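Below is one structure; the comments refer to it alone.
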4 protein chains.
Amino acid sequence: MIIVLKHDAPAQSAERLLERIEAAGLQPLHMPGSERVVLGALGDERVLAELALDSDPDVESVKPILAPYKLVSRELHPHDTVVRIGSVAIGGTALAVIAGPCAVESAEQLRASAEAARDAGATILRAGAYKPRTSPYGFSGHGPEGLAILREVGDALGMPVVTEVMDTADVELIAEHADALQIGARNMQNFALLRAVGKTRKPVVLKRGLSAKIEEWLLAAEYLLSAGNSQVVLCERGIRTFETATRNTLDLNAVPYVKGKTHLPVIVDPSHGTGIRELVTPMALAATAAGADGLMIEVHNDPSAALSDGAQSLYPQQFTALMTALRPVAQVVGKSV
Amino acid sequence: MIIVLKHDAPAQSAERLLERIEAAGLQPLHMPGSERVVLGALGDERVLAELALDSDPDVESVKPILAPYKLVSRELHPHDTVVRIGSVAIGGTALAVIAGPCAVESAEQLRASAEAARDAGATILRAGAYKPRTSPYGFSGHGPEGLAILREVGDALGMPVVTEVMDTADVELIAEHADALQIGARNMQNFALLRAVGKTRKPVVLKRGLSAKIEEWLLAAEYLLSAGNSQVVLCERGIRTFETATRNTLDLNAVPYVKGKTHLPVIVDPSHGTGIRELVTPMALAATAAGADGLMIEVHNDPSAALSDGAQSLYPQQFTALMTALRPVAQVVGKSV
Amino acid sequence: MIIVLKHDAPAQSAERLLERIEAAGLQPLHMPGSERVVLGALGDERVLAELALDSDPDVESVKPILAPYKLVSRELHPHDTVVRIGSVAIGGTALAVIAGPCAVESAEQLRASAEAARDAGATILRAGAYKPRTSPYGFSGHGPEGLAILREVGDALGMPVVTEVMDTADVELIAEHADALQIGARNMQNFALLRAVGKTRKPVVLKRGLSAKIEEWLLAAEYLLSAGNSQVVLCERGIRTFETATRNTLDLNAVPYVKGKTHLPVIVDPSHGTGIRELVTPMALAATAAGADGLMIEVHNDPSAALSDGAQSLYPQQFTALMTALRPVAQVVGKSV
Amino acid sequence: MIIVLKHDAPAQSAERLLERIEAAGLQPLHMPGSERVVLGALGDERVLAELALDSDPDVESVKPILAPYKLVSRELHPHDTVVRIGSVAIGGTALAVIAGPCAVESAEQLRASAEAARDAGATILRAGAYKPRTSPYGFSGHGPEGLAILREVGDALGMPVVTEVMDTADVELIAEHADALQIGARNMQNFALLRAVGKTRKPVVLKRGLSAKIEEWLLAAEYLLSAGNSQVVLCERGIRTFETATRNTLDLNAVPYVKGKTHLPVIVDPSHGTGIRELVTPMALAATAAGADGLMIEVHNDPSAALSDGAQSLYPQQFTALMTALRPVAQVVGKSV
């Protein structure tokens, strides 16, 4: 950690801070420059975070050297983690395709959508029983009844299922019904939920928050791992920027960047990442070429009648075409579909 | 609601959509232009949201005419709502000043900080017992023990207290101890929490999310009101932008804009809004001049030893100076302190 | 165009505005709703832009129906435009690869870099003689001398050359030496420059501005076309967002989105789009899979000694590996390299 | 400057880099930590920028200690600079109010608008003869004729005039007619223009770019000062964020922040900063309370007929009311109007 003192900091400040660094068990370093005094603290600087040296009135800035996360870091754990959702591996040599409708609307709708997804090659089923909605007047899911339908359809089609959990109070019930729990973008920093889900041993799909920096996303995953759950899949789903032509800006840079920092698998959701049906297929191909370990795609048997997210849901035939286009791209980057 | 069809939409699309509009109880309107067919739906278009016409493959875009919120809207409720936290009114002619440390660290620290705040003129005490922290390794508050200290110090000094709730499981306990519940920026779209807090009858301070559009913030408030709780104070605390010189970008535009749209009071948190101690005072003055109904400010008896947010916490004497500078500005905009 | 009146607009406002619409030669439409009066204007609404109806104190908002650009629009010109830079086509069935160093540093450096680029398969040479630099103390290029070197090396290797123009005063000189002119991100809305470059008949590579919405980017291209130059290649190079882990956020959503709106070819610059050498190759593959018509990539014979942008420049052997990886991806999306 | 090596950097890298640091005339420092090797370079690190150490394949990151600007810095020049536009001082104890219409539309319109501005207390007249417009079909100003009108009206009313320059080719002509040159937000990083304007001795109003970080804005000013022109006024006019309710997000944090970093005066443009007439007055008061040295406000004699920016232009009586409200706020922060 590097501590830059203010231009006009008195000499005693440096001494006082160096003492605090030493008292915290780190090796202090004094670098008096011509315009600024700079201090260093060598060792595991994470203990220094608690010292909050930036609160000192004579400190201009504090520059950490090491990443603030440990368990998710590739440095400590160089080999790729493979997460298993039911019988499906994410993070290995196969590209995992998770598909299904935004929400469980009815047994018929889910079954028809899931069959279309499965027939085209998807191996994990997604659908929400609890839906986060911007407006209190929107359809917010069928809850426990939706969960039961999801489990039933998944079992009938031989597909493991993933569904979103939004409340610590629901974690147990959803963990009983689903093969994996999804933490949505709006809850990425719902730390109570992260801790509760971290205590289950269910695999987790952790979506990136709308305005989450990559480091914050990895720290959210660190919450899960530090609570004991190492079965975490990261999901890039688009960030909020000034651009309004698309629903979000899909940050594919994050795929190779994050894979360089962490051993956890990274998948991409081009449905939320674009918000526009016509862009889902090209961006699914792009995500695969960028090195994603999997895709999460909204498919609905009749998108124009969908209760939510219809505008970004693929028609069954579009999803089939996507899967066909996907195979050779995956192959080029060394993955099977 | 205005529905713009795609350039190449067939004529039957317009008919089909007009029928759906009529079936939903709205008055349909057909506007065939030279380059686009445009449809209108007159009436309470909020019922149309459920139709999700933008899912239709022949629809290019849907442009709502009315705001998606009702209960928070000034159109239906033109007069300012005054929220009472304990004996203190927010939204009337007095500028409400909420102050205190980021977190309850100890009885001594809280008492010293609160006395400094009260002596300078603050009327409501703030301090967190449950703290949202980006890293799982940060200090996350003393929980129930912190709540008890907060209540005790508030009672001893005659200050009502506001504190953050992060989990639906904690709502009841915190509601018993605090005079108002705070929903933090990271939980602004934690819809389960909004519903749970909406069911209490405690006043709520609803912070704006880091990347929340104003409309989304008002819809989050709509969750609270539609669950039965109308005692809501909106708190602007800075948004996330590309600028990194300050911790957040304090969006003071939002103050007069939001006050034009809603009858709820709006306060400003210049501590989180800037992240820099030296900027808190000028931005507190600016927020007041912009028309804010109150301020929420971090004050600590010894910021350089604070366990969190020390860099943006004022020293007691700085807070006293701020209050002195604030009075004439408040007076100019017709408010007393 | 749809004009929404304010809640409390008097009835005469609607009449007054409808008269203005009619006087402008459009068909006026009156839609009195229960909560708002909405007006429509059917016809070529672009003439209405000049009326600036949003200035009227009784108007709440104006919602355009049609895109504000015409010449660049695919609606008027459905077939793909193929731009030729020297003998190389951009926008057809071949993926165009433009490569070279950030800046012309010396004849030796440019020649070595260009040979490496050409040998690996690049067909157009890029290098700056005039460099935009954030600081006045940075290396800003060798100017006319750099131009001469660029022309010489391009001719020697049989590669057409593209280089940036930053000042209307330099347009003529650069147009004499280069096969295509580049307008950089910081000058995307330098309207004087757009007009001057539009008057030349040289092909133009128009980079997207750091904070340019897609519509603004297309309007910048409209400046070029409306000045008479239809040889325009759009280049996505990353936008500025809150994410600082990468230099910019490469917005690949923009590739299929823009190609749906315009007939102009779209290329991608993953060097600026990421700012990190290790991310250039995966993002070049991703851009190709997303449907880009070409790539612009920084290659330097010795990046660690580069005077600018070294951290994002590929080593020759990395560029060769990229080209090898690129061919099968291009083939999958129907393009040759 | 602090140089962090990659996790797996070989020992020789440190030696090689330390030699380069020493060769550049700085004092090298070696800090081998347990997880990373960190190097330091003490002295005027700005010479290191040219070494571009971040290009080295073994370097993970480079962290500068000192600001990259010098001439604009308050450290080297602690006292406030007062800029004089005609007879009006900006940066002293008086709040400077620059007002006028967006564009010179006609002699009558400018005269009527300017008289209203002057009568209410504005001391400098603004109006554009060359207008940057997003669309090539928008009104782009009357050019030289507009300049002549501006000069004439300014002289007649005894108001110095400021107007925008967009092209290096126009600098001389505009400098002849105007008392100060404005560089607009879209041209803040038009480095050719900065250099050309820096060579004149006219005062400059330098607007912040839509997506310019504060450091970049100060470096743009550094271009002007390093070219010899020290008469620079910085103007905050709103930045581009995800929020679309207002035209821009006025970043008032920037006012006290920038005034801490530089000796140059800082003014605020709440017209562009909000884009909404009703928000101009509260945000003008807020800017003043935040410590701005002046305001730039659009006033038009008939905004509903304005050829540009009418929606954000004040009616004369609104501007008069603003000036009345402004005086006591200015007085509170120690400024006269």
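A note on labels: chains of the structure tokens are A, B, ... as shown, every chain counts residues from 1, and ligands are counted from 1 in their shown order.
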Task: Contact residues (chain C, partner chain B, 6 Å, only C-alpha atoms) as a PyMOL selection string - done: chain C and resi 33-34+42-43+241-242
Generate a file of the selected residues that holds N, CA and C atoms, formatted as a PDB file, in the first residue's frame.
ATOM      1  N   GLY C  33     -56.402  13.325 -23.985  1.00  0.00           N
ATOM      2  CA  GLY C  33     -56.538  12.182 -23.073  1.00  0.00           C
ATOM      3  C   GLY C  33     -57.093  12.639 -21.736  1.00  0.00           C
ATOM      4  N   SER C  34     -57.259  11.702 -20.851  1.00  0.00           N
ATOM      5  CA  SER C  34     -57.858  12.055 -19.564  1.00  0.00           C
ATOM      6  C   SER C  34     -56.871  12.823 -18.684  1.00  0.00           C
ATOM      7  N   LEU C  42     -47.937  14.502 -38.417  1.00  0.00           N
ATOM      8  CA  LEU C  42     -47.595  13.439 -39.370  1.00  0.00           C
ATOM      9  C   LEU C  42     -46.916  14.036 -40.592  1.00  0.00           C
ATOM     10  N   GLY C  43     -45.914  13.340 -41.107  1.00  0.00           N
ATOM     11  CA  GLY C  43     -45.189  13.818 -42.282  1.00  0.00           C
ATOM     12  C   GLY C  43     -43.702  13.833 -41.969  1.00  0.00           C
ATOM     13  N   THR C 241     -17.312   4.796 -19.510  1.00  0.00           N
ATOM     14  CA  THR C 241     -18.316   4.405 -18.529  1.00  0.00           C
ATOM     15  C   THR C 241     -17.682   4.503 -17.142  1.00  0.00           C
ATOM     16  N   PHE C 242     -18.386   4.021 -16.131  1.00  0.00           N
ATOM     17  CA  PHE C 242     -17.854   4.039 -14.766  1.00  0.00           C
ATOM     18  C   PHE C 242     -16.765   2.990 -14.579  1.00  0.00           C
TER      19      PHE C 242
END
TODO: With a distance cut-off of 9 Å and only C-alpha atoms, select the neighbouring residues of Arg247 (chain C), excluding the residue or stretch itself and same-chain residues fewer than 4 positions from it, and output the selection as a count of residues only.
DONE: 8
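Around region 127-132 of chain A, within 6 Å and counting only C-alpha atoms, the residues found are Gly100, Pro101, Cys102, Ala103, Val104, Ser140, Gly141, His142, Gly143, Gly146, Leu147, Thr163 and Glu164 of chain A, once anything fewer than 3 positions away on its own chain is removed.
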Open item on the list: Could you list, as a ChimeraX atom specification, every residue within 9 Å of region 217-228 of chain C, counting only C-alpha atoms and ignoring same-chain residues fewer than 4 positions away?
Closed with: /C:68-73,188-191,194-201,204,206-209,212-213,232-234,258,261-262 /D:134-137
For the selection you just gave me, I'd like the residues written to a file as an mmCIF file, in the first residue's frame, keeping N, CA and C atoms.
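Heads up, here's the output in again.cif:
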data_model
loop_
_atom_site.group_PDB
_atom_site.id
_atom_site.type_symbol
_atom_site.label_atom_id
_atom_site.label_comp_id
_atom_site.auth_asym_id
_atom_site.auth_seq_id
_atom_site.Cartn_x
_atom_site.Cartn_y
_atom_site.Cartn_z
ATOM 1 N N PRO C 68 -33.360 11.119 -36.867
ATOM 2 C CA PRO C 68 -33.040 12.459 -37.354
ATOM 3 C C PRO C 68 -32.063 12.461 -38.531
ATOM 4 N N TYR C 69 -31.564 11.285 -38.882
ATOM 5 C CA TYR C 69 -30.624 11.218 -40.014
ATOM 6 C C TYR C 69 -31.356 10.603 -41.208
ATOM 7 N N LYS C 70 -30.877 10.943 -42.395
ATOM 8 C CA LYS C 70 -31.516 10.426 -43.614
ATOM 9 C C LYS C 70 -30.531 9.691 -44.517
ATOM 10 N N LEU C 71 -29.448 10.396 -44.878
ATOM 11 C CA LEU C 71 -28.538 9.862 -45.892
ATOM 12 C C LEU C 71 -27.842 8.602 -45.414
ATOM 13 N N VAL C 72 -27.588 8.496 -44.152
ATOM 14 C CA VAL C 72 -26.889 7.310 -43.648
ATOM 15 C C VAL C 72 -27.873 6.172 -43.354
ATOM 16 N N SER C 73 -29.154 6.457 -43.431
ATOM 17 C CA SER C 73 -30.147 5.474 -43.006
ATOM 18 C C SER C 73 -30.294 4.314 -43.988
ATOM 19 N N MET C 188 -15.161 13.754 -32.944
ATOM 20 C CA MET C 188 -16.368 13.258 -33.623
ATOM 21 C C MET C 188 -17.425 14.342 -33.759
ATOM 22 N N GLN C 189 -17.430 15.295 -32.822
ATOM 23 C CA GLN C 189 -18.388 16.394 -32.947
ATOM 24 C C GLN C 189 -17.665 17.725 -33.164
ATOM 25 N N ASN C 190 -16.515 17.654 -33.830
ATOM 26 C CA ASN C 190 -15.823 18.852 -34.310
ATOM 27 C C ASN C 190 -16.448 19.124 -35.673
ATOM 28 N N PHE C 191 -17.523 19.917 -35.645
ATOM 29 C CA PHE C 191 -18.360 20.017 -36.840
ATOM 30 C C PHE C 191 -17.649 20.733 -37.983
ATOM 31 N N LEU C 194 -15.697 18.030 -39.588
ATOM 32 C CA LEU C 194 -16.569 17.126 -40.352
ATOM 33 C C LEU C 194 -16.930 17.749 -41.695
ATOM 34 N N ARG C 195 -17.251 19.041 -41.669
ATOM 35 C CA ARG C 195 -17.624 19.692 -42.929
ATOM 36 C C ARG C 195 -16.436 19.735 -43.895
ATOM 37 N N ALA C 196 -15.248 20.040 -43.354
ATOM 38 C CA ALA C 196 -14.066 20.137 -44.220
ATOM 39 C C ALA C 196 -13.712 18.779 -44.809
ATOM 40 N N VAL C 197 -13.771 17.742 -43.997
ATOM 41 C CA VAL C 197 -13.438 16.409 -44.496
ATOM 42 C C VAL C 197 -14.538 15.922 -45.450
ATOM 43 N N GLY C 198 -15.762 16.337 -45.190
ATOM 44 C CA GLY C 198 -16.872 15.957 -46.073
ATOM 45 C C GLY C 198 -16.699 16.507 -47.468
ATOM 46 N N LYS C 199 -15.947 17.605 -47.566
ATOM 47 C CA LYS C 199 -15.758 18.211 -48.898
ATOM 48 C C LYS C 199 -14.662 17.521 -49.696
ATOM 49 N N THR C 200 -13.800 16.763 -49.021
ATOM 50 C CA THR C 200 -12.811 15.996 -49.790
ATOM 51 C C THR C 200 -13.541 14.781 -50.337
ATOM 52 N N ARG C 201 -12.918 14.058 -51.203
ATOM 53 C CA ARG C 201 -13.537 12.824 -51.690
ATOM 54 C C ARG C 201 -12.749 11.602 -51.193
ATOM 55 N N VAL C 204 -13.263 8.099 -45.304
ATOM 56 C CA VAL C 204 -13.118 8.578 -43.929
ATOM 57 C C VAL C 204 -13.380 7.429 -42.956
ATOM 58 N N LEU C 206 -14.543 7.208 -39.308
ATOM 59 C CA LEU C 206 -15.125 8.090 -38.296
ATOM 60 C C LEU C 206 -15.263 7.325 -36.988
ATOM 61 N N LYS C 207 -14.399 7.654 -36.040
ATOM 62 C CA LYS C 207 -14.452 6.975 -34.759
ATOM 63 C C LYS C 207 -15.603 7.520 -33.914
ATOM 64 N N ARG C 208 -16.165 6.635 -33.119
ATOM 65 C CA ARG C 208 -17.243 7.043 -32.218
ATOM 66 C C ARG C 208 -16.650 7.836 -31.060
ATOM 67 N N GLY C 209 -17.302 8.923 -30.690
ATOM 68 C CA GLY C 209 -16.846 9.718 -29.558
ATOM 69 C C GLY C 209 -16.946 8.963 -28.251
ATOM 70 N N ALA C 212 -20.410 9.466 -27.084
ATOM 71 C CA ALA C 212 -21.395 9.702 -28.145
ATOM 72 C C ALA C 212 -22.451 8.609 -28.147
ATOM 73 N N LYS C 213 -23.700 9.021 -28.099
ATOM 74 C CA LYS C 213 -24.783 8.084 -28.334
ATOM 75 C C LYS C 213 -24.719 7.655 -29.797
ATOM 76 N N VAL C 232 -17.710 6.571 -46.065
ATOM 77 C CA VAL C 232 -17.525 6.668 -44.624
ATOM 78 C C VAL C 232 -17.557 5.290 -43.972
ATOM 79 N N VAL C 233 -16.542 5.020 -43.176
ATOM 80 C CA VAL C 233 -16.472 3.795 -42.374
ATOM 81 C C VAL C 233 -16.629 4.208 -40.912
ATOM 82 N N LEU C 234 -17.570 3.584 -40.215
ATOM 83 C CA LEU C 234 -17.766 3.873 -38.795
ATOM 84 C C LEU C 234 -16.867 2.969 -37.964
ATOM 85 N N VAL C 258 -25.970 -0.821 -35.091
ATOM 86 C CA VAL C 258 -25.701 0.200 -36.101
ATOM 87 C C VAL C 258 -25.860 -0.379 -37.505
ATOM 88 N N LYS C 261 -29.222 -0.056 -38.678
ATOM 89 C CA LYS C 261 -29.717 1.299 -38.937
ATOM 90 C C LYS C 261 -29.115 1.926 -40.187
ATOM 91 N N THR C 262 -27.870 1.559 -40.504
ATOM 92 C CA THR C 262 -27.175 2.248 -41.594
ATOM 93 C C THR C 262 -26.586 1.263 -42.595
ATOM 94 N N THR D 134 -25.746 19.109 -33.265
ATOM 95 C CA THR D 134 -25.641 17.663 -33.415
ATOM 96 C C THR D 134 -26.021 17.206 -34.821
ATOM 97 N N SER D 135 -27.016 17.855 -35.391
ATOM 98 C CA SER D 135 -27.472 17.482 -36.730
ATOM 99 C C SER D 135 -26.994 18.491 -37.759
ATOM 100 N N PRO D 136 -26.609 18.034 -38.939
ATOM 101 C CA PRO D 136 -26.179 18.980 -39.980
ATOM 102 C C PRO D 136 -27.342 19.823 -40.479
ATOM 103 N N TYR D 137 -28.568 19.452 -40.110
ATOM 104 C CA TYR D 137 -29.729 20.189 -40.607
ATOM 105 C C TYR D 137 -30.176 21.279 -39.636
#
- [ ] Would you list the contacts of region 107-115 of chain A as a ChimeraX atom specification, taking every protein, DNA or RNA residue within 7 Å and counting only C-alpha atoms, but skipping same-chain residues closer than 5 positions in sequence?
- [x] /A:100-101,125,149,153,299-301
Export of the given selection (N, CA and C atoms) as a short mmCIF file (atom, residue, chain, number, x, y, z; two decimals), in the first residue's frame:
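Written file, out_10.cif:
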data_model
loop_
_atom_site.label_atom_id
_atom_site.label_comp_id
_atom_site.auth_asym_id
_atom_site.auth_seq_id
_atom_site.Cartn_x
_atom_site.Cartn_y
_atom_site.Cartn_z
N GLY A 100 -34.42 -20.46 -21.33
CA GLY A 100 -35.78 -20.57 -20.82
C GLY A 100 -36.42 -19.20 -20.78
N PRO A 101 -37.68 -19.14 -20.37
CA PRO A 101 -38.38 -17.86 -20.37
C PRO A 101 -37.96 -17.00 -19.17
N LEU A 125 -32.21 -25.25 -17.54
CA LEU A 125 -33.43 -24.45 -17.70
C LEU A 125 -33.44 -23.28 -16.73
N ILE A 149 -43.77 -25.65 -10.37
CA ILE A 149 -43.87 -25.90 -11.81
C ILE A 149 -42.48 -26.05 -12.41
N VAL A 153 -41.21 -29.32 -14.42
CA VAL A 153 -40.84 -29.29 -15.84
C VAL A 153 -39.37 -29.69 -16.00
N VAL A 299 -35.68 -17.53 -23.86
CA VAL A 299 -36.43 -18.14 -24.96
C VAL A 299 -37.86 -18.32 -24.46
N HIS A 300 -38.81 -17.96 -25.29
CA HIS A 300 -40.22 -18.06 -24.88
C HIS A 300 -40.99 -18.68 -26.04
N ASN A 301 -41.95 -19.52 -25.70
CA ASN A 301 -42.70 -20.16 -26.80
C ASN A 301 -43.54 -19.14 -27.58
#
Please provide the set of residues having any atom within 8 Å of Ala9 (chain D), restricted to only C-alpha atoms, with same-chain residues fewer than 4 positions apart removed, written as an mmCIF file with N, CA and C atoms, in the first residue's frame.
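The result, written out as selection30.cif:
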data_model
loop_
_atom_site.group_PDB
_atom_site.id
_atom_site.type_symbol
_atom_site.label_atom_id
_atom_site.label_comp_id
_atom_site.auth_asym_id
_atom_site.auth_seq_id
_atom_site.Cartn_x
_atom_site.Cartn_y
_atom_site.Cartn_z
ATOM 1 N N LEU D 5 4.948 -4.374 -10.383
ATOM 2 C CA LEU D 5 5.273 -5.426 -11.364
ATOM 3 C C LEU D 5 4.230 -6.539 -11.297
ATOM 4 N N SER D 13 13.506 -7.961 -14.525
ATOM 5 C CA SER D 13 12.640 -6.855 -14.923
ATOM 6 C C SER D 13 12.821 -5.675 -14.000
ATOM 7 N N ASP D 58 6.152 -6.689 -18.229
ATOM 8 C CA ASP D 58 6.226 -7.156 -16.840
ATOM 9 C C ASP D 58 5.616 -6.171 -15.837
ATOM 10 N N VAL D 59 5.103 -5.062 -16.357
ATOM 11 C CA VAL D 59 4.508 -4.055 -15.465
ATOM 12 C C VAL D 59 2.997 -4.268 -15.390
#
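Separating CA of His263 (chain D) from CA of Thr288 (chain D) is a distance of 17.6 Å.
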Open item on the list: If you run DSSP on the backbone here, which positions in region 65-269 of chain C get strand (DSSP E)? Please write them as a count of residues only.
Closed with: 34
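Using only C-alpha atoms, the smallest distance between any of A:Met283, A:Leu252, A:Ile297, A:Ala330 and Thr123 (chain A) comes from A:Ile297.
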Open item on the list: Residues within 12 Å of region 331-333 of chain A, please, as a list in words. Count only C-alpha atoms; anything in the same chain fewer than 6 positions from it doesn't count.
Closed with: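 Once the adjacent positions are removed, what remains is Thr93, Ala94, Leu95, Leu285, Ala286, Ala287, Thr288, Ala289, Ala290, Gly291, Ala292, Asp293, Thr324 and Ala325 of chain A; Thr281, Pro282, Leu285, Ala286, Ala289, Thr324, Ala325, Leu326, Arg327, Pro328, Val329, Ala330, Gln331 and Val332 of chain C.
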TODO: Calculate how many Å separate CA of Ser211 (chain D) from CA of Ala245 (chain B), rounding to one decimal.
DONE: 13.2 Å
TODO: Once DSSP has gone over the backbone, tell me which residues of region 9-211 of chain B are in alpha helix (DSSP H), as JSON, numbers by chain.
DONE: {"B": [11, 12, 13, 14, 15, 16, 17, 18, 19, 20, 21, 22, 23, 46, 47, 48, 49, 107, 108, 109, 110, 111, 112, 113, 114, 115, 116, 117, 118, 119, 120, 144, 145, 146, 147, 148, 149, 150, 151, 152, 153, 154, 155, 156, 157, 171, 172, 173, 174, 175, 176, 177, 191, 192, 193, 194, 195, 196, 197, 198, 199]}
Using only C-alpha atoms, please write the residues we just selected to a file, as a PDB file, in the first residue's frame.
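Just written: result32.pdb:
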ATOM      1  CA  ALA B  11     -51.075  -3.657 -42.323  1.00  0.00           C
ATOM      2  CA  GLN B  12     -52.634  -6.429 -40.249  1.00  0.00           C
ATOM      3  CA  SER B  13     -50.229  -5.683 -37.394  1.00  0.00           C
ATOM      4  CA  ALA B  14     -51.852  -2.337 -36.831  1.00  0.00           C
ATOM      5  CA  GLU B  15     -55.279  -3.917 -36.744  1.00  0.00           C
ATOM      6  CA  ARG B  16     -54.185  -6.643 -34.375  1.00  0.00           C
ATOM      7  CA  LEU B  17     -52.591  -4.169 -31.988  1.00  0.00           C
ATOM      8  CA  LEU B  18     -55.525  -1.752 -32.095  1.00  0.00           C
ATOM      9  CA  GLU B  19     -57.771  -4.628 -31.078  1.00  0.00           C
ATOM     10  CA  ARG B  20     -55.556  -5.412 -28.116  1.00  0.00           C
ATOM     11  CA  ILE B  21     -55.598  -1.756 -27.057  1.00  0.00           C
ATOM     12  CA  GLU B  22     -59.382  -1.651 -27.278  1.00  0.00           C
ATOM     13  CA  ALA B  23     -59.713  -4.958 -25.426  1.00  0.00           C
ATOM     14  CA  ARG B  46     -50.604   1.916 -17.034  1.00  0.00           C
ATOM     15  CA  VAL B  47     -52.891  -1.027 -17.791  1.00  0.00           C
ATOM     16  CA  LEU B  48     -51.054  -1.298 -21.099  1.00  0.00           C
ATOM     17  CA  ALA B  49     -47.729  -1.946 -19.420  1.00  0.00           C
ATOM     18  CA  ALA B 107     -21.293   3.841  23.310  1.00  0.00           C
ATOM     19  CA  GLU B 108     -18.557   6.398  23.967  1.00  0.00           C
ATOM     20  CA  GLN B 109     -17.909   7.128  20.295  1.00  0.00           C
ATOM     21  CA  LEU B 110     -21.594   7.463  19.492  1.00  0.00           C
ATOM     22  CA  ARG B 111     -22.338   9.631  22.482  1.00  0.00           C
ATOM     23  CA  ALA B 112     -19.445  11.985  21.780  1.00  0.00           C
ATOM     24  CA  SER B 113     -20.356  12.246  18.103  1.00  0.00           C
ATOM     25  CA  ALA B 114     -24.046  12.726  18.818  1.00  0.00           C
ATOM     26  CA  GLU B 115     -23.432  15.423  21.394  1.00  0.00           C
ATOM     27  CA  ALA B 116     -21.287  17.319  18.939  1.00  0.00           C
ATOM     28  CA  ALA B 117     -24.008  16.986  16.309  1.00  0.00           C
ATOM     29  CA  ARG B 118     -26.774  18.063  18.667  1.00  0.00           C
ATOM     30  CA  ASP B 119     -24.836  20.955  20.124  1.00  0.00           C
ATOM     31  CA  ALA B 120     -24.259  22.345  16.655  1.00  0.00           C
ATOM     32  CA  PRO B 144     -28.465  -5.724  17.799  1.00  0.00           C
ATOM     33  CA  GLU B 145     -25.932  -4.435  20.289  1.00  0.00           C
ATOM     34  CA  GLY B 146     -25.367  -1.389  18.108  1.00  0.00           C
ATOM     35  CA  LEU B 147     -29.117  -0.834  17.871  1.00  0.00           C
ATOM     36  CA  ALA B 148     -29.425  -0.809  21.642  1.00  0.00           C
ATOM     37  CA  ILE B 149     -26.627   1.747  21.973  1.00  0.00           C
ATOM     38  CA  LEU B 150     -28.214   3.915  19.293  1.00  0.00           C
ATOM     39  CA  ARG B 151     -31.579   3.887  21.046  1.00  0.00           C
ATOM     40  CA  GLU B 152     -29.973   4.684  24.389  1.00  0.00           C
ATOM     41  CA  VAL B 153     -27.918   7.589  23.109  1.00  0.00           C
ATOM     42  CA  GLY B 154     -30.852   8.972  21.134  1.00  0.00           C
ATOM     43  CA  ASP B 155     -33.048   8.873  24.206  1.00  0.00           C
ATOM     44  CA  ALA B 156     -30.377  10.373  26.425  1.00  0.00           C
ATOM     45  CA  LEU B 157     -29.892  13.318  24.070  1.00  0.00           C
ATOM     46  CA  VAL B 171     -37.084  -5.151   9.737  1.00  0.00           C
ATOM     47  CA  GLU B 172     -39.089  -5.902  12.856  1.00  0.00           C
ATOM     48  CA  LEU B 173     -36.185  -5.612  15.277  1.00  0.00           C
ATOM     49  CA  ILE B 174     -34.910  -2.374  13.779  1.00  0.00           C
ATOM     50  CA  ALA B 175     -38.412  -0.903  13.642  1.00  0.00           C
ATOM     51  CA  GLU B 176     -38.676  -1.512  17.374  1.00  0.00           C
ATOM     52  CA  HIS B 177     -35.500   0.396  18.130  1.00  0.00           C
ATOM     53  CA  PHE B 191     -38.035  -5.176  -3.768  1.00  0.00           C
ATOM     54  CA  ALA B 192     -38.567  -7.706  -0.980  1.00  0.00           C
ATOM     55  CA  LEU B 193     -37.118  -5.191   1.464  1.00  0.00           C
ATOM     56  CA  LEU B 194     -39.226  -2.353   0.039  1.00  0.00           C
ATOM     57  CA  ARG B 195     -42.384  -4.429   0.520  1.00  0.00           C
ATOM     58  CA  ALA B 196     -41.418  -5.407   4.062  1.00  0.00           C
ATOM     59  CA  VAL B 197     -40.574  -1.865   5.080  1.00  0.00           C
ATOM     60  CA  GLY B 198     -43.725  -0.628   3.362  1.00  0.00           C
ATOM     61  CA  LYS B 199     -45.747  -2.772   5.725  1.00  0.00           C
TER      62      LYS B 199
END
